[in-house]
Amino acid sequence: MRKKELVYTHALFREVVKDFIEVEDMPPEEISTYEALKIHPGSIHKQKEDHAEAIAVLGDSIEWWIEEPLPTHSH
């Protein structure tokens with residue numbers, strides 16, 4: 001993948017995670033590993049590999065949230 005495509009994918013994954021946090025109640029701590037990378041979609045000066053790593057970390061968070069079972073509610 002070219003760097004431009006990686007940056008675009010990084011931005012898309014970041015938006016998905018942002019939506020999960022704001023709308024779906026994903027705990028913000030779930031992206032602490034991503035935040036520790038200190039790379040964001042706008043960090044265009046970073047290397048391709050940095051954006052690829054960010055995508056992988058965000059992808060893990062997305063996968064975890066999608067697979068997380070919904071809490072059961074007692075009636």
# chains A, B, ... in the order shown; residues from 1 in each chain; ligands from 1
>>> residues_around(residues="stretch 6-23 of chain A", least_positions_apart="3", cutoff="6 Å", atoms="only C-alpha atoms", output="number ranges by chain")
A: 3, 26, 41, 55
>>> write_last_selection(atoms="N, CA and C atoms", output="mmCIF file, in the first residue's frame")
data_model
loop_
_atom_site.group_PDB
_atom_site.id
_atom_site.type_symbol
_atom_site.label_atom_id
_atom_site.label_comp_id
_atom_site.auth_asym_id
_atom_site.auth_seq_id
_atom_site.Cartn_x
_atom_site.Cartn_y
_atom_site.Cartn_z
ATOM 1 N N LYS A 3 1.809 5.183 0.879
ATOM 2 C CA LYS A 3 1.662 5.967 2.104
ATOM 3 C C LYS A 3 0.332 6.731 2.111
ATOM 4 N N MET A 26 -17.692 2.682 23.876
ATOM 5 C CA MET A 26 -16.409 1.977 23.984
ATOM 6 C C MET A 26 -15.548 2.750 24.993
ATOM 7 N N PRO A 41 -3.670 10.473 12.010
ATOM 8 C CA PRO A 41 -3.790 10.549 10.554
ATOM 9 C C PRO A 41 -3.122 11.799 9.958
ATOM 10 N N ILE A 55 -2.704 1.571 12.185
ATOM 11 C CA ILE A 55 -3.864 0.876 11.623
ATOM 12 C C ILE A 55 -4.039 -0.475 12.310
#
>>> residues_around(residues="A:Ser32", least_positions_apart="3", cutoff="12 Å", atoms="only C-alpha atoms", output="list in words")
Val17, Pro27, Pro28, Glu29, Glu35, Ala36, Leu37, Lys38, Ala54, Val57, Leu58, Asp60 and Ser61 of chain A
>>> select_by_dssp(residues="chain A", states="alpha helix (DSSP H)", output="VMD selection string")
chain A and resid 3 to 22 32 to 37 48 to 67
>>> write_last_selection(atoms="N, CA and C atoms", output="compact mmCIF listing (two decimals), in the first residue's frame")
# COMPACT_ATOMS: atom_id res chain seq x y z
N LYS A 3 1.81 5.18 0.88
CA LYS A 3 1.66 5.97 2.10
C LYS A 3 0.33 6.73 2.11
N LYS A 4 -0.03 7.31 0.99
CA LYS A 4 -1.29 8.07 0.91
C LYS A 4 -2.48 7.18 1.28
N GLU A 5 -2.48 5.95 0.79
CA GLU A 5 -3.56 5.01 1.10
C GLU A 5 -3.54 4.62 2.57
N LEU A 6 -2.35 4.45 3.12
CA LEU A 6 -2.23 4.12 4.55
C LEU A 6 -2.77 5.25 5.42
N VAL A 7 -2.42 6.48 5.08
CA VAL A 7 -2.91 7.64 5.84
C VAL A 7 -4.43 7.71 5.76
N TYR A 8 -4.99 7.47 4.58
CA TYR A 8 -6.44 7.48 4.41
C TYR A 8 -7.10 6.38 5.24
N THR A 9 -6.54 5.18 5.20
CA THR A 9 -7.08 4.07 5.98
C THR A 9 -6.95 4.36 7.47
N HIS A 10 -5.85 4.95 7.87
CA HIS A 10 -5.63 5.33 9.26
C HIS A 10 -6.74 6.29 9.70
N ALA A 11 -7.03 7.28 8.85
CA ALA A 11 -8.09 8.25 9.18
C ALA A 11 -9.45 7.56 9.30
N LEU A 12 -9.75 6.63 8.40
CA LEU A 12 -11.02 5.91 8.47
C LEU A 12 -11.13 5.09 9.76
N PHE A 13 -10.08 4.35 10.09
CA PHE A 13 -10.09 3.55 11.32
C PHE A 13 -10.24 4.45 12.54
N ARG A 14 -9.57 5.59 12.53
CA ARG A 14 -9.65 6.52 13.67
C ARG A 14 -11.08 7.03 13.82
N GLU A 15 -11.76 7.30 12.72
CA GLU A 15 -13.15 7.77 12.78
C GLU A 15 -14.08 6.68 13.31
N VAL A 16 -13.85 5.44 12.91
CA VAL A 16 -14.66 4.33 13.41
C VAL A 16 -14.50 4.21 14.92
N VAL A 17 -13.26 4.26 15.39
CA VAL A 17 -13.01 4.14 16.83
C VAL A 17 -13.61 5.33 17.57
N LYS A 18 -13.47 6.52 17.01
CA LYS A 18 -14.05 7.72 17.62
C LYS A 18 -15.57 7.56 17.78
N ASP A 19 -16.21 7.03 16.74
CA ASP A 19 -17.65 6.79 16.79
C ASP A 19 -18.00 5.75 17.86
N PHE A 20 -17.22 4.68 17.95
CA PHE A 20 -17.45 3.66 18.98
C PHE A 20 -17.36 4.28 20.37
N ILE A 21 -16.42 5.17 20.58
CA ILE A 21 -16.25 5.80 21.89
C ILE A 21 -17.40 6.75 22.17
N GLU A 22 -17.76 7.59 21.21
CA GLU A 22 -18.79 8.61 21.42
C GLU A 22 -20.21 8.07 21.41
N SER A 32 -5.56 3.20 24.36
CA SER A 32 -4.37 3.75 25.03
C SER A 32 -3.09 3.32 24.31
N THR A 33 -3.05 2.12 23.76
CA THR A 33 -1.87 1.67 23.01
C THR A 33 -1.69 2.52 21.76
N TYR A 34 -2.80 2.83 21.10
CA TYR A 34 -2.76 3.70 19.92
C TYR A 34 -2.27 5.09 20.31
N GLU A 35 -2.83 5.65 21.36
CA GLU A 35 -2.44 6.99 21.80
C GLU A 35 -0.96 7.04 22.16
N ALA A 36 -0.43 5.95 22.71
CA ALA A 36 0.99 5.90 23.09
C ALA A 36 1.90 5.94 21.86
N LEU A 37 1.38 5.57 20.70
CA LEU A 37 2.19 5.62 19.49
C LEU A 37 2.53 7.05 19.08
N LYS A 48 5.59 5.32 6.48
CA LYS A 48 4.53 4.38 6.13
C LYS A 48 4.33 3.34 7.23
N GLU A 49 5.43 2.82 7.73
CA GLU A 49 5.38 1.77 8.74
C GLU A 49 4.70 2.24 10.02
N ASP A 50 4.87 3.52 10.34
CA ASP A 50 4.21 4.07 11.53
C ASP A 50 2.70 4.08 11.35
N HIS A 51 2.24 4.48 10.17
CA HIS A 51 0.81 4.49 9.90
C HIS A 51 0.26 3.06 9.85
N ALA A 52 1.04 2.14 9.29
CA ALA A 52 0.62 0.74 9.24
C ALA A 52 0.47 0.18 10.66
N GLU A 53 1.39 0.54 11.55
CA GLU A 53 1.30 0.08 12.94
C GLU A 53 0.06 0.68 13.62
N ALA A 54 -0.19 1.95 13.37
CA ALA A 54 -1.37 2.60 13.95
C ALA A 54 -2.65 1.92 13.47
N ILE A 55 -2.70 1.57 12.19
CA ILE A 55 -3.86 0.88 11.62
C ILE A 55 -4.04 -0.47 12.31
N ALA A 56 -2.95 -1.19 12.50
CA ALA A 56 -3.03 -2.51 13.15
C ALA A 56 -3.55 -2.38 14.58
N VAL A 57 -3.07 -1.39 15.31
CA VAL A 57 -3.50 -1.21 16.70
C VAL A 57 -4.97 -0.80 16.75
N LEU A 58 -5.37 0.13 15.89
CA LEU A 58 -6.77 0.53 15.85
C LEU A 58 -7.64 -0.64 15.40
N GLY A 59 -7.15 -1.41 14.44
CA GLY A 59 -7.89 -2.60 13.98
C GLY A 59 -8.13 -3.58 15.10
N ASP A 60 -7.13 -3.77 15.96
CA ASP A 60 -7.31 -4.65 17.12
C ASP A 60 -8.40 -4.12 18.04
N SER A 61 -8.43 -2.81 18.25
CA SER A 61 -9.47 -2.20 19.11
C SER A 61 -10.85 -2.36 18.49
N ILE A 62 -10.93 -2.16 17.18
CA ILE A 62 -12.21 -2.32 16.48
C ILE A 62 -12.67 -3.77 16.58
N GLU A 63 -11.76 -4.70 16.33
CA GLU A 63 -12.11 -6.12 16.41
C GLU A 63 -12.57 -6.49 17.81
N TRP A 64 -11.86 -6.01 18.82
CA TRP A 64 -12.23 -6.30 20.20
C TRP A 64 -13.65 -5.79 20.49
N TRP A 65 -13.93 -4.57 20.07
CA TRP A 65 -15.24 -3.98 20.37
C TRP A 65 -16.36 -4.70 19.64
N ILE A 66 -16.13 -5.07 18.40
CA ILE A 66 -17.16 -5.77 17.62
C ILE A 66 -17.44 -7.14 18.23
N GLU A 67 -16.41 -7.82 18.71
CA GLU A 67 -16.58 -9.16 19.24
C GLU A 67 -16.99 -9.17 20.71
